[in-house]
Structure formats: C-alpha cells, structure tokens
Amino acid sequence: MAAITPLQCAKCGACTVVCPVFQAGGREPLSARGRLHLLERLDPAQASAAYAEILSQCLLCGACRDVCSRGLDPPGRFIAARERLEKTAGRHALLRAITHKALSNPALLATIASLGRPLLDRLPPDSGLRLRLGLPQEEPAAFPAQSETEQETSALPALAFFPGCYATHLHREIGEATERIAARLTGKPTLRPKKQNCCGLAAESGGDTATAKRVARQNILAFAGNTLPILTSCASCYSQLRRYPELFADDPEWLTQAQAFADRLLEFSTFVAQAMEAEPDFRFAGSPVPRTVVYHDPCHLRFPSEIIAPPRKILTAIPGLHLAELANGPQCCGQGGLFHLAQPELAATIRSRLLTQLAQAAPDLITTTCSGCLIHIRQGLGHDPAQPEVLHLAILLAELLQTKP
Ligand code: SF4
Ligand code: SF4
C-alpha cells in the first residue's frame with residue numbers, strides 16, 4: 001500500500017460535519033472529501049461535464065479548511081481545478097463569460113448600472129428581478145450631507161475605501177453610509193481611488209484566474225499612490241482582497257506588492273469596534289423602538305478571518321437593540337459568490353435551513369456585512385412586510401449616527 005503523503009485526504013470525514021452543501025444534499029460527491037477523492041484520480045483538464053458539475057457544487061466557504069485534520073485547503077484545490085476545466089465544460093463556461101465580460105470591466109459595469117438603474121427603480125415592488133438583485137422596494141432616502149463639524153474637521157483622508165461592485169453600482173447607499181461612519185469616527189474624509197476594479201472573487205471562483213489576477217493588479221496599482229489603511233465594508237471583497245498574496249504566490253514581481261496591499265486591509269466592523277474603543281465618549285443613537293436583531297455571519301469572515309466578535313460588540317453597545325443568536329450558531333446562507341447562479345436548487349435548500357433558524361430567533365431586523373448574503377437572504381424572505389428587515393450593518397449604523405454636539 002502506498003504511503004499517505006501529508007497532501008492526501010485522510011478520509012476522516014470531519015469536513016462533512018461542517019459542509020453546508022453536503023448537509024443539504026447528503027451525497028459523498030458534495031463533500032470536500034468526495035471532491036478531493038475525484039481530484040486524486042482524474043485530471044480536471046480531462047473532465048466530463050458531470051465532473052465539472054461536481055466541482056461547481058462547492059460554495060468555497062472555507063468551513064472544511066477550518067476543521068481539516070490534515071490541514072488541507074480543499075477550496076483552494078477546487079479553485080485550481082476549476083481553472084483547469086475545459087473551457088466548454090459545465091456551467092463554468094457561462095460563469096467565465098459573465099465574469100470576464102462584465103465584472104472585470106469597470107467601464108461596462110458603470111454603463112450598465114447607469115443605464116439600468118432608472119429602469120430598475122421603476123420595477124414594481126414585487127418584481128422578481130428586483131428581488132433577484134436585492135433592490136429595496138422603494139428608493140432609499142438619501143443620507144443628509146455631512147455636518148458642518150465633520151466638514152470643519154476634514155483634512156487629509158484618514159482611510160482609503162474599497163466599496164466593491166455592489167456598493168459602487170447597485171446599492172450606492174452602502175458605500176455612502178460606510179464613508180459617513182468613517183468620516184464621523186476619524187474626523188476626516190475617505191479617499192476612493194478612481195481606478196479600482198472588481199475584487200475578482202467572482203472571476204476566481206468561476207475558474208478564471210487570469211481575470212482575477214488582472215483585476216487584482218489594477219486594484220494594487222489604484223491604491224499604490226498612498227499608504228492609508230484600505231477600508232472595505234463587503235465581507236466577500238475583503239476575503240478576496242486578502243487572497244491577493246496567494247494569487248501571486250508564484251509571481252515574485254507582484255507578490256511583494258500584493259502582500260503590502262493585503263497588510264493594509266481594514267474590515268468595516270473591526271474598524272468601527274476599534275474606533276468605538278478608542279473613543280469611549282462616542283455613542284450610536286439608541287434604536288427609536290426596541291428591536292431584536294440577528295447578525296448574519298458571512299462565511300467569508302467566519303472562516304478565513306474569524307471576524308465574529310466586532311459586529312456583536314457594536315450591536316450590543318446600541319441601546320434599544322437586543323442581539324439574538326441562532327439556536328445552532330452561525331449558518332451559511334447558500335449564496336457563495338456565483339454558487340447561487342450555478343447551483344440554484346442547492347443554494348435555495350441551504351438558505352431555507354438558515355431561514356428556519358432565523359424564524360425561530362424571531363428578529364425584527366437582520367444585519368450583515370456581506371452584499372452577497374444581503375441579496376440572498378432578502379430574496380429568500382421576499383417582500384412580505386411581516387418578515388424582518390434585512391440591512392447592511394453600515395446602513396443600520398448610519399441611521400443611528402449622532403452628529404457631534
Ligand atoms: S468549501 Fe464549503 S461548500 Fe466547499 S467543500 Fe468546503 S465546506 Fe463544503
Ligand atoms: S477533514 Fe480533511 S482529511 Fe478529513 S475527510 Fe475532510 S478533507 Fe479529508
């Protein structure tokens with residue numbers, strides 16, 4: 001019998017206990033163990049459409065990596081395998097096309113957004129497209145301009161800001177709310193470098209590593225003109241931006257710059273919690289009515305970064321909010337970047353498990369820091385006014401922002 005190398009799966013099954021896809025489907029090929037078994041025996045470059053389909057049935061959530069008894073990185077291996085898939089195999093051919101043509105082209109994205117937004121705004125409240133895009137039922141109220149105090153204290157920027165595609169093109173109010181909170185907590189404006197692009201998560205998870213690297217280089221260069229911390233309020237973007245050193249692991253020319261870029265990243269809830277600690281007199285206004293709130297942990301913050309405590313510290317410090325937890329602890333929502341497009345049935349099954357847990361917690365409000373989770377949970381709850389509101393944490397906090405006396 002061949003000796004087991006450290007790089008081989010031990011078939012221990014620890015990953016099956018935490019894998020949302022395996023729990024939803026209950027079949028071995030849906031687990032990290034099953035997919036690794038396949039990879040050990042068949043080169044993805046020779047794969048059939050069925051093989052491609054199995055590889056696409058992974059959220060890349062990282063839960064298996066977190067518990068793997070061998071210290072393996074199954075999602076990293078699946079990303080590498082997706083890259084090797086034949087261009088026409090499985091649904092990833094379509095996903096590649098989407099990511100290559102739209103998400104890597106900021107000018108095209110901006111054009112689509114500017115042309116489409118007025119039309120989208122006229123969609124009826126119960127429109128399926130409105131639901132699919134996670135658009136609110138009504139145009140959100142614009143946040144008031146910065147107070148005079150904030151303008152007076154504005155000087156050189158304190159933070160650079162990476163809003164991501166969702167907060168740049170579809171829900172601009174999330175980016176504005178983030179900048180407003182950052183301005184209040186630092187007393188200075190934020191800097192949005194103009195030439196930044198999509199983080200590349202969708203491209204890389206669709207197997208298009210070349211596009212992921214291209215947009216990563218653009219982002220690194222866009223922020224190279226300053227040394228400010230780079231704030232981002234999208235968990236998925238933050239997770240992908242942190243991966244840049246891995247993306248350029250075999251490229252010494254870019255690796256140093258990618259590492260310097262990653263070292264500057266500042267996740268939104270971490271920033272707010274740290275700023276609140278540093279300024280004990282600062283308070284968010286209390287909720288006008290008592291509300292029970294559940295914070296939904298994005299997998300992209302739970303597993304690679306373990307940013308779990310900061311949003312809870314913020315929410316528990318706000319009078320009138322009662323923070324409730326799910327009975328079984330944090331749950332994946334099933335969105336997974338492009339997973340919900342490639343595997344809609346599995347994504348819906350995973351989401352319905354979360355919604356059952358949420359219903360038991362009976363919150364008035366659900367908040368999260370991931371644009372993907374936000375869209376997916378909103379879609380699952382529909383437009384029923386009896387369902388809890390789902391808000392990005394930045395929007396909730398901006399609503400509770402007190403101006404300086
Ligand atoms: S990354 Fe997530 S969905 Fe994929 S195999 Fe691991 S636990 Fe399952
Ligand atoms: S936890 Fe790691 S070693 Fe164990 S079955 Fe899963 S992938 Fe294999």
# chains A, B, ... in the order shown; residues from 1 in each chain; ligands from 1

call {"tool": "select_by_dssp", "arguments": {"residues": "stretch 173-381 of chain A", "states": "strand (DSSP E or B)", "output": "PyMOL selection string"}}
result
chain A and resi 190-191+230-232+265-267+291-296+321-324+365-368

call {"tool": "write_last_selection", "arguments": {"atoms": "N, CA and C atoms", "output": "PDB file, in the first residue's frame"}}
result
ATOM      1  N   THR A 190     -12.834  59.985   3.533  1.00  0.00           N
ATOM      2  CA  THR A 190     -12.139  58.813   2.988  1.00  0.00           C
ATOM      3  C   THR A 190     -11.733  59.098   1.541  1.00  0.00           C
ATOM      4  N   LEU A 191     -10.775  58.366   1.099  1.00  0.00           N
ATOM      5  CA  LEU A 191     -10.282  58.505  -0.278  1.00  0.00           C
ATOM      6  C   LEU A 191     -10.761  57.290  -1.077  1.00  0.00           C
ATOM      7  N   ILE A 230      -6.828  50.402   4.020  1.00  0.00           N
ATOM      8  CA  ILE A 230      -7.870  50.260   2.987  1.00  0.00           C
ATOM      9  C   ILE A 230      -9.113  49.652   3.630  1.00  0.00           C
ATOM     10  N   LEU A 231     -10.118  50.492   3.788  1.00  0.00           N
ATOM     11  CA  LEU A 231     -11.368  50.065   4.428  1.00  0.00           C
ATOM     12  C   LEU A 231     -12.276  49.404   3.396  1.00  0.00           C
ATOM     13  N   THR A 232     -12.900  48.290   3.768  1.00  0.00           N
ATOM     14  CA  THR A 232     -13.950  47.744   2.909  1.00  0.00           C
ATOM     15  C   THR A 232     -15.078  47.221   3.772  1.00  0.00           C
ATOM     16  N   LEU A 265      -5.386  46.156   4.623  1.00  0.00           N
ATOM     17  CA  LEU A 265      -6.849  45.992   4.615  1.00  0.00           C
ATOM     18  C   LEU A 265      -7.451  46.141   6.002  1.00  0.00           C
ATOM     19  N   LEU A 266      -8.609  46.763   6.039  1.00  0.00           N
ATOM     20  CA  LEU A 266      -9.305  47.026   7.294  1.00  0.00           C
ATOM     21  C   LEU A 266     -10.779  46.687   7.093  1.00  0.00           C
ATOM     22  N   GLU A 267     -11.211  45.648   7.762  1.00  0.00           N
ATOM     23  CA  GLU A 267     -12.614  45.213   7.621  1.00  0.00           C
ATOM     24  C   GLU A 267     -13.510  46.171   8.409  1.00  0.00           C
ATOM     25  N   ARG A 291     -35.739  46.688  19.416  1.00  0.00           N
ATOM     26  CA  ARG A 291     -35.732  45.736  18.293  1.00  0.00           C
ATOM     27  C   ARG A 291     -34.783  44.568  18.594  1.00  0.00           C
ATOM     28  N   THR A 292     -35.236  43.382  18.223  1.00  0.00           N
ATOM     29  CA  THR A 292     -34.359  42.216  18.297  1.00  0.00           C
ATOM     30  C   THR A 292     -33.627  42.099  16.967  1.00  0.00           C
ATOM     31  N   VAL A 293     -32.314  41.971  17.042  1.00  0.00           N
ATOM     32  CA  VAL A 293     -31.515  41.933  15.815  1.00  0.00           C
ATOM     33  C   VAL A 293     -30.666  40.658  15.800  1.00  0.00           C
ATOM     34  N   VAL A 294     -30.565  40.048  14.619  1.00  0.00           N
ATOM     35  CA  VAL A 294     -29.638  38.927  14.413  1.00  0.00           C
ATOM     36  C   VAL A 294     -28.557  39.405  13.459  1.00  0.00           C
ATOM     37  N   TYR A 295     -27.309  39.174  13.835  1.00  0.00           N
ATOM     38  CA  TYR A 295     -26.215  39.453  12.910  1.00  0.00           C
ATOM     39  C   TYR A 295     -25.916  38.166  12.144  1.00  0.00           C
ATOM     40  N   HIS A 296     -26.007  38.231  10.814  1.00  0.00           N
ATOM     41  CA  HIS A 296     -25.679  37.058   9.987  1.00  0.00           C
ATOM     42  C   HIS A 296     -24.188  37.084   9.678  1.00  0.00           C
ATOM     43  N   LEU A 321     -31.361  47.868  21.072  1.00  0.00           N
ATOM     44  CA  LEU A 321     -31.182  46.681  20.241  1.00  0.00           C
ATOM     45  C   LEU A 321     -30.888  45.488  21.141  1.00  0.00           C
ATOM     46  N   HIS A 322     -31.583  44.395  20.889  1.00  0.00           N
ATOM     47  CA  HIS A 322     -31.296  43.158  21.617  1.00  0.00           C
ATOM     48  C   HIS A 322     -30.716  42.168  20.609  1.00  0.00           C
ATOM     49  N   LEU A 323     -29.478  41.759  20.841  1.00  0.00           N
ATOM     50  CA  LEU A 323     -28.812  40.846  19.908  1.00  0.00           C
ATOM     51  C   LEU A 323     -29.213  39.410  20.208  1.00  0.00           C
ATOM     52  N   ALA A 324     -29.820  38.742  19.233  1.00  0.00           N
ATOM     53  CA  ALA A 324     -30.199  37.328  19.388  1.00  0.00           C
ATOM     54  C   ALA A 324     -29.271  36.469  18.538  1.00  0.00           C
ATOM     55  N   LEU A 365     -35.058  42.527  12.850  1.00  0.00           N
ATOM     56  CA  LEU A 365     -34.062  43.053  11.926  1.00  0.00           C
ATOM     57  C   LEU A 365     -32.927  42.038  11.780  1.00  0.00           C
ATOM     58  N   ILE A 366     -32.471  41.858  10.539  1.00  0.00           N
ATOM     59  CA  ILE A 366     -31.285  41.028  10.284  1.00  0.00           C
ATOM     60  C   ILE A 366     -30.240  41.957   9.675  1.00  0.00           C
ATOM     61  N   THR A 367     -29.037  41.879  10.167  1.00  0.00           N
ATOM     62  CA  THR A 367     -27.994  42.713   9.573  1.00  0.00           C
ATOM     63  C   THR A 367     -26.776  41.853   9.255  1.00  0.00           C
ATOM     64  N   THR A 368     -26.029  42.277   8.258  1.00  0.00           N
ATOM     65  CA  THR A 368     -24.835  41.543   7.847  1.00  0.00           C
ATOM     66  C   THR A 368     -23.867  42.520   7.195  1.00  0.00           C
TER      67      THR A 368
END

call {"tool": "closest_atom_pairs", "arguments": {"of": "chain A", "to": "ligand 2", "cutoff": "7 Å", "atoms": "only C-alpha atoms and all ligand atoms", "output": "CSV"}}
result
residue,atom,partner,partner_atom_place_in_ligand_line,distance
A:Cys9,CA,ligand 2,8 (Fe),3.8
A:Ala10,CA,ligand 2,3 (S),4.1
A:Lys11,CA,ligand 2,5 (S),3.7
A:Cys12,CA,ligand 2,4 (Fe),4.0
A:Gly13,CA,ligand 2,5 (S),4.0
A:Ala14,CA,ligand 2,1 (S),4.3
A:Cys15,CA,ligand 2,6 (Fe),4.1
A:Thr16,CA,ligand 2,6 (Fe),6.6
A:Ala32,CA,ligand 2,7 (S),5.4
A:Arg33,CA,ligand 2,5 (S),4.5
A:Leu36,CA,ligand 2,7 (S),7.0
A:Cys64,CA,ligand 2,1 (S),6.2
A:Val67,CA,ligand 2,1 (S),6.0
A:Cys68,CA,ligand 2,1 (S),3.5
A:Ser69,CA,ligand 2,1 (S),5.1
A:Arg70,CA,ligand 2,3 (S),4.9
A:Gly71,CA,ligand 2,2 (Fe),6.7
A:Leu72,CA,ligand 2,2 (Fe),5.8
A:Pro74,CA,ligand 2,7 (S),6.3

call {"tool": "residues_near_ligand", "arguments": {"ligand": "ligand 1", "cutoff": "7 Å", "atoms": "only C-alpha atoms and all ligand atoms", "output": "list in words"}}
result
Cys15, Val18, Cys19, Pro20, Val21, Phe22, Leu30, Ser31, Ala32, Cys58, Leu59, Leu60, Cys61, Gly62, Ala63, Cys64, Arg65, Pro74 and Pro75 of chain A

call {"tool": "residues_around", "arguments": {"residues": "A:Arg192", "least_positions_apart": "4", "cutoff": "8 Å", "atoms": "only C-alpha atoms", "output": "ChimeraX atom specification"}}
result
/A:160-162

call {"tool": "residues_around", "arguments": {"residues": "A:Leu400", "least_positions_apart": "2", "cutoff": "10 Å", "atoms": "only C-alpha atoms", "output": "number ranges by chain"}}
result
A: 181, 283-288, 318, 394-398, 402-403
